[in-house]
Amino acid sequence: MLVVCGAGGFIGGYLVKSLIALGERVRAIDIKPLSDWYQLSDEADNVQADLRLRESCHEVLSQASAVYNLACDMGGIGFIENNKAECMLNVLINTHLLMAAKDHRVSKYFFASSACVYAASKQDNTKGTALCEEDAYPAMPEDGYGWEKLFGERMCRHFSEDFGIATRVGRFHNVYGPYGAYDGGREKAPAAICRKVIEAKFSGREYLDIWGDGNQTRSFTYIDDCIKGIELLMKSDVVEPLNVGSSEAVTINELVDLVEAIAGTKLERRYQPSAPLGVAGRNSDNSLIRRHLGWEPSIRLRDGLEKTYSWIYQEMSNAQGQTAHDGKERTSNQNQTIPTRSSR
């Protein structure tokens with residue numbers, strides 16, 4: 001039995017579907033009510049549970065052979081900069097899952113980390129310096145969320161050393177694609193820009209707001225590449241964290257250019273220098289993943305954006321037409337609920 005934690009989220013929903021397509025038995029876990037999951041697979045054993053609670057982790061890992069921990073309270077830069085304590089509480093999830101994995105003798109454990117673990121001093125210019133895995137130390141990660149992820153990586157390392165659990169760590173770089181959040185405050189930059197351009201088209205507005213001056217540099221990883229990276233990493237014998245990210249760096253202005261070209265429009269840009277910005281520049285150095293796995297993310301940003309824009313456009317068109325579909329694929333299912341202390 002493979003257990004996917006955070007299965008009701010964006011990446012988790014895709015991962016569950018991928019594992020099922022490979023013929024695996026999957027137990028899917030998330031704190032959200034099943035009706036709020038981004039994607040819900042009939043073939044999985046779907047469970048609502050609060051994984052911050054030790055007893056919930058022990059219950060859901062019963063008969064598990066491998067665990068994928070993607071469970072996390074997170075969002076885009078606006079969310080993580082304004083909810084640092086909530087982000088830090090994610091340490092409870094990983095800690096209790098690792099303890100349960102030890103007790104249930106789980107053989108393999110995946111932890112979804114983040115490029116936010118990288119030292120801020122190496123991301124202080126807009127050139128988008130490619131970050132290799134060793135750049136996480138000396139430690140100076142993004143406050144709150146970054147520290148939580150770096151601590152989670154260390155927990156995995158020491159549980160592997162002390163208890164023999166084969167842990168694998170992927171450092172995700174800005175994953176995007178269809179069936180992800182595009183409004184509400186938790187969306188990442190690609191989805192946010194798509195939404196803003198579509199809003200402008202629908203309303204006839206001739207401008208869009210951009211956080212910062214638009215010169216911040218990032219790389220963005222399409223969801224299919226992310227899932228492939230997880231699968232390859234779990235099949236490997238690599239014990240050190242690996243970047244799972246595209247090396248195609250663009251500025252936010254260039255990201256807007258791409259979305260405008262897809263939309264067939266050109267808008268005035270109104271910059272908001274006081275908005276949450278994150279680091280000045282970040283890109284993924286893929287030397288290590290190429291060496292270990294013989295692979296790296298390769299889907300072009302333009303290609304991934306076209307699919308993402310098309311999906312968001314359809315969702316927003318449906319919402320304007322007051323259709324019943326609300327942007328998340330759901331099906332009926334036999335499922336169960338483990339009592340939760342609180343909901344998010």
# chains A, B, ... in the order shown; residues from 1 in each chain; ligands from 1

$ select_by_dssp --residues "segment 89-280 of chain A" --states "strand (DSSP E or B)" --output "count of residues only"
40

$ residues_around --residues "segment 130-145 of chain A" --least-positions-apart "3" --cutoff "6 Å" --atoms "only C-alpha atoms" --output "ChimeraX atom specification"
/A:84,87-88,116-120,148,283-285

$ closest_atom_pairs --of "segment 138-191 of chain A" --to "segment 27-44 of chain A" --cutoff "12 Å" --atoms "only C-alpha atoms" --output "CSV"
residue,atom,partner,partner_atom,distance
A:Pro178,CA,A:Tyr38,CA,10.1
A:Tyr179,CA,A:Tyr38,CA,6.3
A:Gly180,CA,A:Tyr38,CA,7.2
A:Ala181,CA,A:Tyr38,CA,8.6
A:Tyr182,CA,A:Tyr38,CA,11.9

$ write_last_selection --atoms "N, CA, C and O atoms" --output "PDB file, in the first residue's frame"
ATOM      1  N   PRO A 178      -2.559  22.925 -14.683  1.00  0.00           N
ATOM      2  CA  PRO A 178      -4.009  22.860 -14.486  1.00  0.00           C
ATOM      3  C   PRO A 178      -4.360  22.166 -13.168  1.00  0.00           C
ATOM      4  O   PRO A 178      -3.571  21.407 -12.616  1.00  0.00           O
ATOM      5  N   TYR A 179      -5.562  22.422 -12.676  1.00  0.00           N
ATOM      6  CA  TYR A 179      -6.078  21.870 -11.427  1.00  0.00           C
ATOM      7  C   TYR A 179      -5.314  22.383 -10.215  1.00  0.00           C
ATOM      8  O   TYR A 179      -5.267  21.720  -9.178  1.00  0.00           O
ATOM      9  N   GLY A 180      -4.734  23.568 -10.344  1.00  0.00           N
ATOM     10  CA  GLY A 180      -4.094  24.211  -9.203  1.00  0.00           C
ATOM     11  C   GLY A 180      -4.858  25.460  -8.801  1.00  0.00           C
ATOM     12  O   GLY A 180      -5.765  25.911  -9.501  1.00  0.00           O
ATOM     13  N   ALA A 181      -4.497  26.028  -7.656  1.00  0.00           N
ATOM     14  CA  ALA A 181      -5.135  27.260  -7.205  1.00  0.00           C
ATOM     15  C   ALA A 181      -4.771  28.405  -8.141  1.00  0.00           C
ATOM     16  O   ALA A 181      -3.622  28.525  -8.576  1.00  0.00           O
ATOM     17  N   TYR A 182      -5.752  29.244  -8.472  1.00  0.00           N
ATOM     18  CA  TYR A 182      -5.447  30.428  -9.286  1.00  0.00           C
ATOM     19  C   TYR A 182      -6.021  31.704  -8.671  1.00  0.00           C
ATOM     20  O   TYR A 182      -5.861  32.789  -9.225  1.00  0.00           O
TER      21      TYR A 182
END

$ residues_around --residues "Leu267 of chain A" --least-positions-apart "2" --cutoff "12 Å" --atoms "only C-alpha atoms" --output "PyMOL selection string"
chain A and resi 193+196-201+204-210+253+256-257+259-261+263-265+269-270

$ write_last_selection --atoms "C-alpha atoms" --output "short mmCIF file (atom, residue, chain, number, x, y, z; two decimals), in the first residue's frame"
data_model
loop_
_atom_site.label_atom_id
_atom_site.label_comp_id
_atom_site.auth_asym_id
_atom_site.auth_seq_id
_atom_site.Cartn_x
_atom_site.Cartn_y
_atom_site.Cartn_z
CA ILE A 193 -0.68 36.12 -13.89
CA LYS A 196 -5.10 38.64 -13.94
CA VAL A 197 -4.79 38.64 -17.73
CA ILE A 198 -8.08 36.75 -18.10
CA GLU A 199 -9.81 39.14 -15.68
CA ALA A 200 -8.59 42.05 -17.79
CA LYS A 201 -9.95 40.43 -20.96
CA GLY A 204 -12.16 45.22 -20.66
CA ARG A 205 -9.58 46.56 -18.21
CA GLU A 206 -6.35 47.56 -19.94
CA TYR A 207 -3.88 47.03 -17.10
CA LEU A 208 -2.75 44.44 -14.56
CA ASP A 209 -1.00 44.72 -11.21
CA ILE A 210 2.44 43.16 -10.74
CA ASN A 253 8.02 40.63 -16.68
CA VAL A 256 3.78 38.28 -18.19
CA ASP A 257 5.03 38.60 -21.79
CA VAL A 259 0.91 34.94 -20.86
CA GLU A 260 0.01 38.04 -22.89
CA ALA A 261 1.21 36.33 -26.06
CA ALA A 263 -3.92 35.51 -24.56
CA GLY A 264 -3.35 37.69 -27.63
CA THR A 265 -3.34 40.91 -25.63
CA ARG A 269 1.71 47.12 -16.08
CA ARG A 270 1.16 48.71 -12.69
#

$ atom_distance --atom1 "atom CA of Phe111 of chain A" --atom2 "atom CA of Gln63 of chain A"
19.1 Å

$ closest_residue --among "A:His58, A:His96, A:Lys307, A:Lys188" --to "Asn174 of chain A" --atoms "only C-alpha atoms"
A:Lys188

$ closest_residue --among "A:Gly294, A:Val239, A:Leu305, A:Tyr313" --to "Glu161 of chain A" --atoms "only C-alpha atoms"
A:Val239

$ closest_residue --among "A:Leu150, A:Cys5, A:Ile80, A:Ile11" --to "Ile93 of chain A" --atoms "only C-alpha atoms"
A:Cys5

$ atom_distance --atom1 "atom CA of Pro241 of chain A" --atom2 "atom CA of Glu296 of chain A"
14.3 Å

$ select_by_dssp --residues "segment 71-308 of chain A" --states "alpha helix (DSSP H)" --output "VMD selection string"
chain A and resid 77 to 82 84 to 88 91 to 103 145 to 163 189 to 203 223 to 235 252 to 263 287 to 293 301 to 308
